[in-house]
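Shown below: upload_32.cif, with mmCIF, C-alpha atoms and all ligand atoms.
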data_protein
loop_
_atom_site.label_atom_id
_atom_site.label_comp_id
_atom_site.auth_asym_id
_atom_site.auth_seq_id
_atom_site.Cartn_x
_atom_site.Cartn_y
_atom_site.Cartn_z
CA MET A 1 18.53 134.22 105.86
CA ILE A 2 19.44 137.87 106.37
CA GLY A 3 20.43 140.09 103.46
CA VAL A 4 22.39 143.32 103.22
CA ILE A 5 21.97 145.89 100.47
CA GLY A 6 25.16 147.89 100.39
CA GLY A 7 25.03 151.45 99.13
CA THR A 8 27.64 154.06 98.31
CA GLY A 9 30.86 153.13 100.10
CA LEU A 10 29.84 149.52 100.68
CA SER A 11 29.94 147.58 97.45
CA GLU A 12 31.82 144.50 98.62
CA PRO A 13 31.10 142.19 101.54
CA LYS A 14 34.61 142.13 102.97
CA PHE A 15 33.11 141.10 106.32
CA LEU A 16 32.00 137.72 104.92
CA SER A 17 34.06 134.56 104.43
CA ASP A 18 33.60 131.68 101.94
CA VAL A 19 31.88 134.05 99.53
CA GLN A 20 29.98 132.48 96.61
CA LYS A 21 28.78 134.48 93.64
CA GLN A 22 25.45 133.90 91.95
CA GLN A 23 23.58 135.62 89.16
CA VAL A 24 19.86 135.56 89.86
CA SER A 25 17.54 135.96 86.87
CA THR A 26 14.53 138.16 87.46
CA PRO A 27 11.44 139.00 85.42
CA PHE A 28 12.13 142.75 85.70
CA ASP A 29 13.64 143.93 82.41
CA GLN A 30 15.37 140.53 82.28
CA GLN A 31 17.75 141.95 84.85
CA LYS A 32 20.28 139.53 86.30
CA VAL A 33 21.22 140.45 89.83
CA GLN A 34 24.55 139.48 91.35
CA ILE A 35 24.22 138.25 94.91
CA LEU A 36 27.18 137.24 97.03
CA THR A 37 26.49 134.81 99.83
CA GLY A 38 28.99 134.16 102.55
CA SER A 39 29.21 133.50 106.22
CA LEU A 40 29.77 135.54 109.33
CA GLN A 41 30.32 133.60 112.55
CA GLY A 42 28.28 130.69 111.25
CA LYS A 43 25.45 132.81 109.85
CA THR A 44 24.77 132.77 106.13
CA VAL A 45 24.38 136.27 104.74
CA ALA A 46 23.37 137.46 101.27
CA PHE A 47 24.96 140.66 100.00
CA LEU A 48 23.82 142.80 97.10
CA ALA A 49 25.50 145.99 95.85
CA ARG A 50 22.60 148.40 95.22
CA HIS A 51 24.44 150.34 92.51
CA GLY A 52 25.81 147.22 90.84
CA ARG A 53 29.38 146.10 90.41
CA GLY A 54 31.74 149.07 90.22
CA HIS A 55 29.07 151.42 91.60
CA LYS A 56 27.83 152.54 88.19
CA VAL A 57 24.04 152.61 88.45
CA PRO A 58 22.71 155.98 89.71
CA PRO A 59 19.90 156.06 92.32
CA HIS A 60 17.08 156.74 89.85
CA ARG A 61 18.18 153.89 87.57
CA VAL A 62 18.58 151.17 90.22
CA ASN A 63 16.30 148.23 89.40
CA TYR A 64 14.83 148.12 92.91
CA ARG A 65 12.20 145.54 91.95
CA ALA A 66 14.80 143.15 90.56
CA ASN A 67 17.08 143.60 93.59
CA LEU A 68 14.45 142.86 96.23
CA TRP A 69 12.87 140.09 94.18
CA ALA A 70 16.26 138.38 93.72
CA LEU A 71 16.99 138.46 97.44
CA HIS A 72 13.54 137.08 98.25
CA SER A 73 13.86 134.34 95.63
CA ILE A 74 17.01 132.88 97.22
CA GLY A 75 15.40 132.71 100.66
CA VAL A 76 16.24 136.07 102.25
CA ARG A 77 13.56 137.11 104.75
CA ALA A 78 15.11 140.18 106.40
CA VAL A 79 17.06 142.98 104.74
CA ILE A 80 19.27 145.72 106.15
CA GLY A 81 19.69 148.55 103.66
CA VAL A 82 22.81 150.66 104.15
CA ASN A 83 22.32 154.19 102.84
CA ALA A 84 24.51 157.28 102.68
CA VAL A 85 22.50 160.39 103.56
CA GLY A 86 22.85 164.12 103.97
CA GLY A 87 22.18 165.33 107.51
CA ILE A 88 19.35 167.76 108.31
CA HIS A 89 18.70 167.25 112.03
CA PRO A 90 21.53 168.38 114.36
CA GLU A 91 22.03 164.72 115.38
CA THR A 92 22.80 163.71 111.80
CA GLY A 93 26.02 165.57 110.99
CA PRO A 94 28.74 164.03 108.80
CA GLY A 95 30.02 160.74 110.17
CA LYS A 96 26.94 160.07 112.33
CA LEU A 97 24.87 156.90 112.11
CA ALA A 98 21.08 156.72 112.32
CA VAL A 99 18.35 154.11 112.16
CA PRO A 100 15.36 156.06 110.81
CA ASP A 101 11.82 155.17 111.82
CA GLN A 102 9.87 157.01 109.11
CA ILE A 103 10.06 157.89 105.44
CA ILE A 104 8.77 160.60 103.14
CA ASP A 105 9.07 159.72 99.47
CA TYR A 106 9.84 162.54 97.01
CA SER A 107 11.19 160.26 94.30
CA TRP A 108 9.28 159.95 91.04
CA GLY A 109 9.17 157.85 87.90
CA ARG A 110 10.71 154.79 89.51
CA GLU A 111 9.20 151.32 89.13
CA HIS A 112 7.92 151.24 92.67
CA THR A 113 5.47 148.35 93.04
CA TYR A 114 4.95 144.66 92.29
CA PHE A 115 1.19 145.21 92.38
CA ALA A 116 0.60 146.70 88.94
CA ASP A 117 -0.02 144.10 86.22
CA GLY A 118 -1.97 140.85 86.05
CA LEU A 119 -3.56 141.34 89.44
CA ASP A 120 -6.43 139.26 90.81
CA ALA A 121 -7.33 142.24 92.98
CA VAL A 122 -6.01 145.71 93.66
CA THR A 123 -3.64 145.48 96.63
CA HIS A 124 -2.58 148.18 99.08
CA ILE A 125 0.09 147.34 101.64
CA ASP A 126 0.06 148.94 105.09
CA PHE A 127 3.05 151.28 105.37
CA THR A 128 2.22 153.13 108.61
CA HIS A 129 5.50 151.92 110.07
CA PRO A 130 7.74 151.60 107.02
CA TYR A 131 10.59 149.88 108.83
CA ASP A 132 10.54 146.58 110.72
CA ALA A 133 10.59 147.20 114.48
CA ARG A 134 12.55 144.04 115.34
CA LEU A 135 15.27 144.68 112.78
CA ARG A 136 15.55 148.32 113.85
CA LYS A 137 16.03 147.23 117.48
CA LEU A 138 18.68 144.76 116.41
CA LEU A 139 20.65 147.58 114.76
CA ILE A 140 20.13 149.99 117.65
CA ASP A 141 21.23 147.38 120.20
CA ALA A 142 24.22 146.49 118.03
CA ALA A 143 25.48 150.07 118.32
CA GLN A 144 25.97 149.72 122.12
CA GLY A 145 27.47 152.96 123.31
CA ARG A 146 28.48 154.05 119.83
CA ALA A 147 26.82 157.29 118.73
CA LEU A 148 23.83 156.16 116.68
CA TRP A 149 20.62 158.16 116.49
CA PRO A 150 17.80 155.63 116.96
CA GLN A 151 15.13 157.54 115.05
CA GLY A 152 14.52 160.04 112.28
CA VAL A 153 12.53 160.71 109.14
CA TYR A 154 14.30 159.75 105.92
CA GLY A 155 13.35 161.96 102.97
CA CYS A 156 14.00 160.23 99.66
CA THR A 157 14.75 162.57 96.75
CA GLN A 158 15.14 161.66 93.12
CA GLY A 159 18.75 162.61 92.44
CA PRO A 160 21.24 162.16 91.07
CA ARG A 161 21.78 165.85 91.67
CA LEU A 162 21.89 167.07 95.24
CA GLU A 163 19.12 169.34 96.53
CA SER A 164 18.85 173.10 96.30
CA GLY A 165 19.01 175.07 99.54
CA ALA A 166 15.27 175.81 99.32
CA GLU A 167 14.48 172.12 98.77
CA VAL A 168 16.34 171.25 101.95
CA GLN A 169 14.39 173.97 103.81
CA ARG A 170 11.18 172.37 102.54
CA LEU A 171 12.39 168.92 103.68
CA LEU A 172 13.09 170.45 107.09
CA ARG A 173 9.59 171.98 107.27
CA ASP A 174 8.11 168.64 106.24
CA GLY A 175 9.84 166.99 109.20
CA CYS A 176 12.68 165.21 107.39
CA ASP A 177 15.77 164.58 109.51
CA MET A 178 18.00 163.23 106.75
CA VAL A 179 17.93 163.09 102.98
CA GLY A 180 19.00 160.30 100.66
CA MET A 181 18.19 159.04 97.17
CA THR A 182 17.83 155.29 97.57
CA GLY A 183 15.55 154.60 100.53
CA MET A 184 12.53 154.36 98.24
CA PRO A 185 11.00 152.40 96.66
CA GLU A 186 13.30 149.85 98.33
CA ALA A 187 11.48 149.91 101.69
CA ALA A 188 8.02 149.66 100.14
CA LEU A 189 8.98 146.84 97.77
CA ALA A 190 10.41 144.91 100.71
CA ARG A 191 7.07 145.30 102.49
CA GLU A 192 5.18 144.15 99.39
CA LEU A 193 7.26 140.96 99.37
CA GLY A 194 6.78 140.43 103.11
CA LEU A 195 10.47 141.04 103.86
CA ALA A 196 11.45 142.65 107.16
CA TYR A 197 13.43 145.76 106.25
CA ALA A 198 15.42 148.40 108.14
CA CYS A 199 17.83 151.15 107.13
CA LEU A 200 21.25 151.87 108.59
CA ALA A 201 22.06 155.40 107.48
CA LEU A 202 25.48 157.04 107.47
CA SER A 203 25.50 160.80 107.13
CA VAL A 204 28.24 161.87 104.74
CA ASN A 205 27.54 165.63 104.52
CA TRP A 206 25.29 168.36 105.83
CA ALA A 207 22.37 168.71 103.43
CA ALA A 208 22.61 171.59 100.96
CA GLY A 209 22.66 175.05 102.53
CA LEU A 210 23.01 173.82 106.11
CA SER A 211 26.74 174.47 106.25
CA ASP A 212 29.03 177.03 104.64
CA GLU A 213 30.76 174.35 102.59
CA LEU A 214 29.76 173.25 99.11
CA ILE A 215 29.12 169.51 98.92
CA THR A 216 31.92 167.80 97.02
CA MET A 217 32.39 164.15 96.10
CA ASP A 218 35.87 164.36 97.64
CA ALA A 219 34.56 165.48 101.02
CA ILE A 220 31.82 162.83 100.90
CA GLY A 221 34.44 160.19 100.02
CA GLN A 222 36.51 161.11 103.05
CA VAL A 223 33.60 160.81 105.49
CA LEU A 224 32.54 157.56 103.83
CA SER A 225 35.94 155.95 104.23
CA THR A 226 36.08 156.60 107.97
CA GLY A 227 32.35 156.23 108.71
CA MET A 228 32.14 152.85 107.00
CA THR A 229 34.17 151.32 109.84
CA ASP A 230 31.34 152.20 112.24
CA VAL A 231 28.73 150.95 109.78
CA LEU A 232 30.49 147.62 109.39
CA ASP A 233 30.88 147.19 113.12
CA VAL A 234 27.17 147.79 113.79
CA LEU A 235 26.16 145.71 110.79
CA GLN A 236 28.23 142.70 111.84
CA LYS A 237 26.98 142.78 115.43
CA ALA A 238 23.39 143.01 114.22
CA ILE A 239 23.84 140.10 111.80
CA VAL A 240 25.38 137.90 114.47
CA ALA A 241 22.46 138.67 116.82
CA PHE A 242 19.86 137.94 114.11
CA ASP A 243 17.86 134.72 114.47
N1 LIG A 301 21.17 164.54 99.51
C1 LIG A 301 20.65 163.42 98.96
N2 LIG A 301 21.27 162.25 99.02
C2 LIG A 301 22.44 162.19 99.65
C3 LIG A 301 23.03 163.31 100.24
C4 LIG A 301 22.36 164.55 100.17
O1 LIG A 301 22.81 165.59 100.66
N3 LIG A 301 24.20 162.89 100.78
C5 LIG A 301 24.31 161.56 100.52
N4 LIG A 301 23.24 161.12 99.84
#

Conversion result in structure tokens:
Amino acid sequence: MIGVIGGTGLSEPKFLSDVQKQQVSTPFDQQKVQILTGSLQGKTVAFLARHGRGHKVPPHRVNYRANLWALHSIGVRAVIGVNAVGGIHPETGPGKLAVPDQIIDYSWGREHTYFADGLDAVTHIDFTHPYDARLRKLLIDAAQGRALWPQGVYGCTQGPRLESGAEVQRLLRDGCDMVGMTGMPEAALARELGLAYACLALSVNWAAGLSDELITMDAIGQVLSTGMTDVLDVLQKAIVAFD
């Protein structure tokens, strides 16, 4: 089964029919995770709202381990994470879609691994290619003619505040093409569980200092509401093509 983790602007699976709700118990802080399963053209899809119901959990407080574990435990084997980002590369301006191929993790203090306690042996996963190639291709193909940048380095910052201008300049020097707050540890935890994982990113603003405008929640909200139509279109085509 394929799963979708919806981020800011995508907290309900309106694209699914016959939706069933379930609360999955997890061993991570006794967190119960709500997963909605439904169908899209005969395919069963699991949907999870990353920030919880009502979009109340900030990026640094998301229980990433519980979320991924819950999806895996109900039989999900591939996950598309939808993430709002700030654009750094010229191809990633507000409203643009991207499927990044690399990650740099600047987040800190998050529970970021399943391989910590009660281990038989120390375990290191390979993370050379953080995203699943097949799932990325599925998303890129699903965009067909639509403007979607099929590459890019996702820099994951801690949030919830946005970056300073100098921080964005450092991200740029490091080779980051976009900046978000939720790409990690999600991608690494998926890999630890053996889940295929890819990110569909929607740019909702120019990263701090790259435009003359200050970044406001209002402006982000406006880009989100129009850009989500493109996200949903690509997402649905990719899901239908998934086997
Ligand atoms: N920075 C970090 N995360 C974000 C941004 C940003 O500018 N926009 C949306 N998510």

| message | So, with all atoms listed in the file as the atoms that count, which of A:Cys176, A:Ala142, A:Leu214, A:Ile104 lies closest to A:Leu232? | response |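 Residue with the minimum atom-to-atom distance to A:Leu232: A:Ala142.
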
| field | At most 7 Å from ligand LIG 301 (chain A) (all atoms listed in the file): residue list as a VMD selection string | value | chain A and resid 84 to 87 157 159 162 to 163 179 to 181 203 to 208

| request: Give me the residues within 7 Å of A:Gln102 as a list of chain:residue names, counting all atoms listed in the file and dropping any in the same chain fewer than 3 places off. | output: A:His129, A:Pro130, A:Gly152, A:Val153, A:Tyr154

| said: Could you check the closest approach to A:Val234 for each of A:Met217, A:Ala116, A:Met178, A:Val99 and tell me which residue wins, using all atoms listed in the file? | reply: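 Residue with the minimum atom-to-atom distance to A:Val234: A:Val99.
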
| said: If we count all atoms listed in the file and set the cut-off at 7 Å, which residues sit around stretch 69-80 of chain A, ignoring sequence neighbours fewer than 4 positions away in its own chain? Please answer as an MDAnalysis selection string. | reply: chainID A and resid 1:5 24 26 33 65 195:200

| request: Tell me, in Å to one decimal, how far atom CA of A:Phe28 is from atom CA of A:Asn63. | output: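 Atom-to-atom, atom CA of A:Phe28 and atom CA of A:Asn63 are spaced 7.8 Å apart.
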
| message | My list of candidates is A:Gln31, A:Gln22, A:Thr44, A:Gln236. Which is closest to A:Leu138 when distances are computed with all atoms listed in the file? | response |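 Looking at the shortest contact to A:Leu138, the residue is A:Gln236.
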
| request: Please indicate the distance in Å from atom CA of A:Glu91 to atom CA of A:Ala241, rounded to one decimal place. | output: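 Computing the Euclidean distance for atom CA of A:Glu91 and atom CA of A:Ala241 yields 26.1 Å.
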
| said: Nearest residue to A:Thr226 out of A:Leu148, A:Leu202, A:Leu16, A:Val82, using all atoms listed in the file? | reply: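 Ranked by minimum distance to A:Thr226, first place goes to A:Leu202.
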
| request: Compile the contact shell of A:Asp233 as a ChimeraX atom specification: residues with an atom at most 10 Å away, counting all atoms listed in the file, same-chain residues fewer than 6 positions apart removed. | output: /A:15,142-143,146
